[in-house]
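Chemist: Just input_7.txt, nothing more (compact mmCIF, C-alpha atoms and all ligand atoms):
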# COMPACT_ATOMS: atom_id res chain seq x y z
CA MET A 1 205.75 107.84 -104.17
CA LYS A 2 204.74 111.21 -105.54
CA LEU A 3 201.88 112.33 -103.36
CA TYR A 4 199.53 115.13 -104.39
CA ASN A 5 197.47 115.51 -101.27
CA ARG A 6 194.49 117.77 -101.75
CA THR A 7 192.79 116.71 -98.52
CA LYS A 8 192.98 118.36 -95.12
CA CYS A 9 194.51 115.21 -93.67
CA PRO A 10 198.31 115.55 -93.33
CA ASP A 11 200.75 113.57 -95.49
CA GLU A 12 202.33 112.09 -92.35
CA ILE A 13 199.10 110.18 -91.69
CA LEU A 14 198.24 109.14 -95.25
CA GLN A 15 201.67 108.36 -96.66
CA PRO A 16 202.50 105.43 -94.33
CA LEU A 17 199.14 103.82 -95.14
CA LEU A 18 199.71 104.21 -98.87
CA ARG A 19 203.22 102.79 -98.62
CA ILE A 20 201.99 99.81 -96.58
CA ALA A 21 199.13 99.24 -99.05
CA GLY A 22 201.45 99.29 -102.07
CA GLN A 23 204.10 97.07 -100.53
CA SER A 24 201.50 94.60 -99.28
CA VAL A 25 200.38 93.76 -102.84
CA GLY A 26 203.90 93.77 -104.27
CA ALA A 27 203.75 97.05 -106.21
CA HIS A 28 206.78 99.33 -106.59
CA THR A 29 205.58 102.47 -104.89
CA ALA A 30 208.62 104.72 -105.37
CA GLY A 31 207.57 106.57 -108.52
CA VAL A 32 203.83 106.01 -108.45
CA ILE A 33 201.76 109.17 -108.43
CA VAL A 34 198.99 109.23 -105.85
CA ILE A 35 196.38 111.95 -106.01
CA LEU A 36 194.26 112.29 -102.90
CA SER A 37 191.15 114.38 -102.65
CA GLN A 38 188.43 114.78 -100.12
CA GLY A 39 184.90 113.84 -101.10
CA ARG A 40 182.13 116.35 -100.74
CA TYR A 41 179.50 113.97 -99.44
CA ARG A 42 180.74 110.41 -99.68
CA ARG A 43 181.17 108.61 -96.44
CA GLU A 44 183.57 105.95 -97.70
CA SER A 45 186.81 106.13 -99.64
CA GLY A 46 186.82 105.41 -103.37
CA GLY A 47 189.61 104.97 -105.88
CA HIS A 48 190.80 104.40 -109.41
CA ALA A 49 194.06 103.19 -110.90
CA HIS A 50 195.20 104.53 -114.25
CA SER A 51 197.91 103.40 -116.60
CA ALA A 52 200.27 106.16 -117.74
CA SER A 53 204.03 106.63 -117.99
CA ALA A 54 203.71 110.34 -117.28
CA ILE A 55 200.95 112.77 -116.45
CA LYS A 56 200.48 116.49 -116.86
CA ARG A 57 197.75 118.15 -114.82
CA SER A 58 197.00 121.35 -112.99
CA PHE A 59 198.34 119.89 -109.73
CA THR A 60 201.70 119.12 -111.37
CA ALA A 61 201.86 122.80 -112.33
CA ASN A 62 201.14 121.61 -115.87
CA ARG A 63 204.52 119.92 -116.08
CA TRP A 64 204.98 116.34 -117.18
CA VAL A 65 205.71 114.11 -114.21
CA ARG A 66 206.91 110.56 -114.79
CA THR A 67 205.11 107.70 -113.10
CA ASP A 68 206.39 104.24 -112.28
CA GLY A 69 203.71 102.19 -113.94
CA GLY A 70 200.70 104.37 -113.41
CA TYR A 71 198.86 106.63 -111.06
CA VAL A 72 196.17 106.27 -108.47
CA THR A 73 193.39 108.60 -107.46
CA ILE A 74 191.73 108.12 -104.08
CA THR A 75 188.98 110.11 -102.44
CA ILE A 76 188.76 110.10 -98.67
CA PRO A 77 185.40 110.62 -96.98
CA ASN A 78 184.23 113.96 -95.80
CA MET A 79 183.42 113.83 -92.13
CA GLN A 80 180.36 116.01 -92.40
CA GLY A 81 178.31 113.06 -91.25
CA THR A 82 176.47 112.86 -88.01
CA ASP A 83 177.21 110.83 -84.94
CA TYR A 84 180.58 109.30 -85.72
CA ARG A 85 181.78 106.88 -83.10
CA SER A 86 185.30 105.53 -82.74
CA LYS A 87 184.30 102.23 -84.31
CA ASP A 88 183.05 103.99 -87.43
CA ALA A 89 186.29 105.94 -87.70
CA VAL A 90 188.34 102.73 -87.57
CA ASP A 91 186.12 101.16 -90.23
CA LEU A 92 186.58 104.21 -92.45
CA ALA A 93 190.33 104.16 -91.96
CA PHE A 94 190.50 100.45 -92.72
CA ALA A 95 188.36 101.04 -95.84
CA PHE A 96 190.98 103.56 -97.00
CA LEU A 97 193.72 100.94 -96.60
CA ARG A 98 191.60 98.34 -98.43
CA ILE A 99 190.94 100.68 -101.36
CA ALA A 100 194.57 101.78 -101.55
CA ALA A 101 195.72 98.12 -101.60
CA HIS A 102 193.18 97.35 -104.34
CA GLU A 103 194.33 100.25 -106.53
CA PHE A 104 197.99 99.37 -105.98
CA GLY A 105 197.05 95.83 -107.04
CA HIS A 106 196.16 97.28 -110.46
CA ILE A 107 199.43 99.26 -110.45
CA ARG A 108 201.35 96.07 -109.71
CA ASP A 109 199.74 94.46 -112.77
CA MET A 110 200.54 97.44 -114.96
CA GLN A 111 204.15 97.36 -113.75
CA ARG A 112 204.29 93.71 -114.81
CA GLY A 113 202.72 94.36 -118.19
CA LEU A 114 199.33 92.96 -117.24
CA GLY A 115 197.05 95.83 -118.01
CA LEU A 116 193.40 95.80 -118.85
CA MET A 117 192.44 92.76 -120.89
CA PRO A 118 191.20 93.62 -124.38
CA TRP A 119 187.89 91.95 -123.73
CA SER A 120 187.36 94.06 -120.64
CA LYS A 121 186.78 96.99 -122.89
CA ALA A 122 183.47 97.40 -124.68
CA GLN A 123 183.36 95.64 -128.04
CA PRO A 124 181.47 97.39 -130.85
CA GLY A 125 177.78 96.85 -130.26
CA LYS A 126 178.37 95.06 -126.98
CA ARG A 127 178.62 96.11 -123.39
CA ARG A 128 181.86 95.54 -121.55
CA PRO A 129 181.79 92.69 -119.05
CA ARG A 130 180.46 93.43 -115.62
CA TRP A 131 183.05 94.90 -113.27
CA ALA A 132 183.11 91.91 -110.96
CA VAL A 133 183.99 89.41 -113.71
CA ARG A 134 186.80 91.40 -115.33
CA PRO A 135 190.06 89.49 -114.92
CA GLU A 136 192.00 92.52 -113.72
CA GLU A 137 189.38 93.06 -111.01
CA ILE A 138 189.45 89.43 -109.94
CA ARG A 139 193.26 89.63 -109.70
CA ALA A 140 193.18 92.89 -107.72
CA VAL A 141 190.51 91.58 -105.35
CA ASN A 142 192.56 88.45 -104.72
CA TYR A 143 195.76 90.35 -103.97
CA THR A 144 193.90 92.70 -101.70
CA ASP A 145 192.26 89.94 -99.71
CA ASP A 146 195.57 88.14 -99.20
CA ALA A 147 197.40 91.36 -98.39
CA LEU A 148 194.80 92.55 -95.89
CA ASP A 149 194.79 89.19 -94.11
CA LYS A 150 198.53 89.56 -93.54
CA LEU A 151 198.33 93.27 -92.70
CA ARG A 152 195.71 92.74 -90.00
CA ARG A 153 198.42 91.02 -87.99
CA THR A 154 201.12 93.68 -88.35
CA ARG A 155 201.82 96.42 -85.87
CA ALA A 156 202.78 98.97 -88.53
CA ALA A 157 199.43 98.62 -90.34
CA ASP A 158 197.57 98.76 -87.06
CA ASP A 159 199.31 101.98 -85.99
CA ALA A 160 198.79 103.58 -89.40
CA VAL A 161 195.06 102.70 -89.50
CA LEU A 162 194.53 103.99 -85.97
CA ALA A 163 196.31 107.27 -86.77
CA LEU A 164 193.91 107.90 -89.66
CA ALA A 165 190.93 106.81 -87.54
CA GLU A 166 191.95 109.33 -84.89
CA TRP A 167 192.14 112.05 -87.51
CA PHE A 168 188.69 111.12 -88.86
CA GLU A 169 187.27 111.25 -85.37
CA LYS A 170 188.80 114.64 -84.66
CA ALA A 171 187.54 115.97 -87.99
CA ALA A 172 184.03 114.73 -87.18
CA GLN A 173 184.14 116.28 -83.70
CA HIS A 174 185.43 119.53 -85.10
CA PHE A 175 182.52 119.62 -87.51
CA ALA A 176 180.02 118.80 -84.77
CA CYS A 177 181.54 121.62 -82.74
CA LEU A 178 181.17 124.07 -85.63
CA LEU A 179 177.53 123.05 -86.00
CA GLN A 180 176.89 123.65 -82.31
CA ASN A 181 178.45 127.10 -82.44
CA PHE A 182 176.34 127.85 -85.46
CA ALA A 183 173.15 126.81 -83.61
CA VAL A 184 174.02 129.07 -80.65
ZN ZN B 201 189.63 97.68 -109.42
Please go through the file and, once you have read it, give me the structure as structure tokens.
Modeler:
Amino acid sequence: MKLYNRTKCPDEILQPLLRIAGQSVGAHTAGVIVILSQGRYRRESGGHAHSASAIKRSFTANRWVRTDGGYVTITIPNMQGTDYRSKDAVDLAFAFLRIAAHEFGHIRDMQRGLGLMPWSKAQPGKRRPRWAVRPEEIRAVNYTDDALDKLRRTRAADDAVLALAEWFEKAAQHFACLLQNFAV
């Protein structure tokens, strides 16, 4: 996996989750590019999977970097919320795993030559089908559900989710602390 981590959360916390997510849906993760950024306001993670054999962007120092079947972009939430409790942090961390598994589900399809279906794209004069009925989305949702069911029972996934939850909680506390200092 080629990780471009533009968040404040360390690679050691995010990389195991990404690897678990990719493996759980049967994607080859070795050469896949993952670009992580931190949202400004969003409170949940969000993601996209893209098909490309190589990409060239500012974060690759404008050099072409090969991908193994595509690349994924994921945004992690900013913890500038109020009143985060441990339970919320675990939910947020699990949401990250769910989104990563979903995006790697698309990567898996691209690696197997099942990309976007032609009719998923807008036809002239027509709207493209709704997101939820696109075949590639139905496939990705199915893999993710199956994968998450299995992951819930594994120690490795549990540890990785809790490590991210802990980081979220610390980040939220740190922010609350900054706010307090500011008020004083
Ligand atoms: Zn999707």
Chemist: Taking into account all atoms listed in the file, which residue in the set A:Leu3, A:Ile99, A:Ala147, A:Ala157 is nearest to Thr29 of chain A?
Modeler: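 Ranked by minimum distance to Thr29 of chain A, first place goes to A:Leu3.
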Chemist: Taking all atoms listed in the file into account, name the residue in A:Ile55, A:Val72, A:Val65, A:Ala140 that is nearest to ligand ZN 201 (chain B).
Modeler: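 Using all atoms listed in the file, ligand ZN 201 (chain B) sits closest to A:Ala140.
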Chemist: Write out, as CSV, each residue of chain A that has an atom at most 9 Å from ligand ZN 201 (chain B), together with the closest pair of atoms and their distance in Å to one decimal, counting all atoms listed in the file, rows going by chain and rising number.
Modeler:
residue,atom,partner,partner_atom,distance
A:Gly47,CA,B:ZN201,ZN,8.1
A:His48,CA,B:ZN201,ZN,6.8
A:Ala49,CA,B:ZN201,ZN,7.2
A:Ile99,CA,B:ZN201,ZN,8.7
A:His102,CA,B:ZN201,ZN,6.2
A:Glu103,CA,B:ZN201,ZN,6.1
A:Gly105,CA,B:ZN201,ZN,8.0
A:His106,CA,B:ZN201,ZN,6.6
A:Trp131,CA,B:ZN201,ZN,8.1
A:Ala132,CA,B:ZN201,ZN,8.8
A:Glu136,CA,B:ZN201,ZN,7.1
A:Glu137,CA,B:ZN201,ZN,4.9
A:Ile138,CA,B:ZN201,ZN,8.3
A:Arg139,CA,B:ZN201,ZN,8.8
A:Ala140,CA,B:ZN201,ZN,6.2
A:Val141,CA,B:ZN201,ZN,7.4
Chemist: To one decimal place, how far is atom CA of Thr67 of chain A from atom CA of Ala52 of chain A in Å?
Modeler: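 Separation of atom CA of Thr67 of chain A and atom CA of Ala52 of chain A: 6.9 Å.
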Chemist: Taking into account only C-alpha atoms, which residue in the set A:Ala171, A:Ala21, A:Met79, A:Ala165 is nearest to Arg152 of chain A?
Modeler: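 Going through A:Ala171, A:Ala21, A:Met79, A:Ala165 one by one, the smallest distance to Arg152 of chain A is for A:Ala21.
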Chemist: For Arg57 of chain A, list every protein, DNA or RNA residue within 12 Å, evaluated using only C-alpha atoms, and leave out those in the same chain fewer than 3 positions away; present the list as number ranges by chain.
Modeler: A: 4, 33, 35, 54, 60-66
Chemist: Go ahead and save the residues from that selection, with C-alpha atoms, as a PDB file, keeping the file's coordinate frame.
Modeler:
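The result, stored in selection.pdb:
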ATOM      1  CA  TYR A   4     199.530 115.130-104.390  1.00  0.00           C
ATOM      2  CA  ILE A  33     201.760 109.170-108.430  1.00  0.00           C
ATOM      3  CA  ILE A  35     196.380 111.950-106.010  1.00  0.00           C
ATOM      4  CA  ALA A  54     203.710 110.340-117.280  1.00  0.00           C
ATOM      5  CA  THR A  60     201.700 119.120-111.370  1.00  0.00           C
ATOM      6  CA  ALA A  61     201.860 122.800-112.330  1.00  0.00           C
ATOM      7  CA  ASN A  62     201.140 121.610-115.870  1.00  0.00           C
ATOM      8  CA  ARG A  63     204.520 119.920-116.080  1.00  0.00           C
ATOM      9  CA  TRP A  64     204.980 116.340-117.180  1.00  0.00           C
ATOM     10  CA  VAL A  65     205.710 114.110-114.210  1.00  0.00           C
ATOM     11  CA  ARG A  66     206.910 110.560-114.790  1.00  0.00           C
TER      12      ARG A  66
END
Chemist: For Gln15 of chain A, list every protein, DNA or RNA residue within 10 Å, evaluated using all atoms listed in the file, and leave out those in the same chain fewer than 2 positions away; present the list as a ChimeraX atom specification.
Modeler: /A:1-3,5,10-13,17-21,34,160
Chemist: Calculated over only C-alpha atoms, which of the candidates A:Ala95, A:Asp88, A:Ser58, A:Asp146 has the smallest distance to Gly26 of chain A?
Modeler: A:Asp146
Chemist: Rounded to one decimal in Å, what is the spacing between atom CA of Thr154 of chain A and atom CA of Thr73 of chain A?
Modeler: 25.4 Å
Chemist: Kindly add N, CA and C atoms to the incomplete segment 59-72 of chain A and provide the output as a JSON list (two decimals), in the frame of the given file.
Modeler:
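Okay, this is what ended up in part-v9.json:
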[["chain", "number", "residue", "atom", "x", "y", "z"],
["A", 59, "PHE", "N", 197.64, 120.04, -111.01],
["A", 59, "PHE", "CA", 198.34, 119.89, -109.73],
["A", 59, "PHE", "C", 199.83, 119.60, -109.92],
["A", 60, "THR", "N", 200.26, 119.27, -111.14],
["A", 60, "THR", "CA", 201.70, 119.12, -111.37],
["A", 60, "THR", "C", 202.24, 120.42, -111.97],
["A", 61, "ALA", "N", 201.50, 121.49, -111.78],
["A", 61, "ALA", "CA", 201.86, 122.80, -112.33],
["A", 61, "ALA", "C", 201.99, 122.70, -113.85],
["A", 62, "ASN", "N", 201.17, 121.80, -114.43],
["A", 62, "ASN", "CA", 201.14, 121.61, -115.87],
["A", 62, "ASN", "C", 202.46, 121.10, -116.47],
["A", 63, "ARG", "N", 203.28, 120.53, -115.59],
["A", 63, "ARG", "CA", 204.52, 119.92, -116.08],
["A", 63, "ARG", "C", 204.31, 118.42, -116.18],
["A", 64, "TRP", "N", 205.04, 117.79, -117.09],
["A", 64, "TRP", "CA", 204.98, 116.34, -117.18],
["A", 64, "TRP", "C", 205.72, 115.72, -116.01],
["A", 65, "VAL", "N", 205.06, 114.82, -115.31],
["A", 65, "VAL", "CA", 205.71, 114.11, -114.21],
["A", 65, "VAL", "C", 205.67, 112.62, -114.53],
["A", 66, "ARG", "N", 206.83, 111.98, -114.46],
["A", 66, "ARG", "CA", 206.91, 110.56, -114.79],
["A", 66, "ARG", "C", 206.25, 109.72, -113.69],
["A", 67, "THR", "N", 205.67, 108.61, -114.10],
["A", 67, "THR", "CA", 205.11, 107.70, -113.10],
["A", 67, "THR", "C", 205.86, 106.37, -113.24],
["A", 68, "ASP", "N", 205.79, 105.57, -112.21],
["A", 68, "ASP", "CA", 206.39, 104.24, -112.28],
["A", 68, "ASP", "C", 205.26, 103.23, -112.45],
["A", 69, "GLY", "N", 204.73, 103.18, -113.65],
["A", 69, "GLY", "CA", 203.71, 102.19, -113.94],
["A", 69, "GLY", "C", 202.28, 102.65, -113.75],
["A", 70, "GLY", "N", 202.08, 103.91, -113.47],
["A", 70, "GLY", "CA", 200.70, 104.37, -113.41],
["A", 70, "GLY", "C", 200.46, 105.34, -112.28],
["A", 71, "TYR", "N", 199.21, 105.74, -112.17],
["A", 71, "TYR", "CA", 198.86, 106.63, -111.06],
["A", 71, "TYR", "C", 197.51, 106.24, -110.48],
["A", 72, "VAL", "N", 197.34, 106.67, -109.24],
["A", 72, "VAL", "CA", 196.17, 106.27, -108.47],
["A", 72, "VAL", "C", 195.46, 107.53, -107.99]]
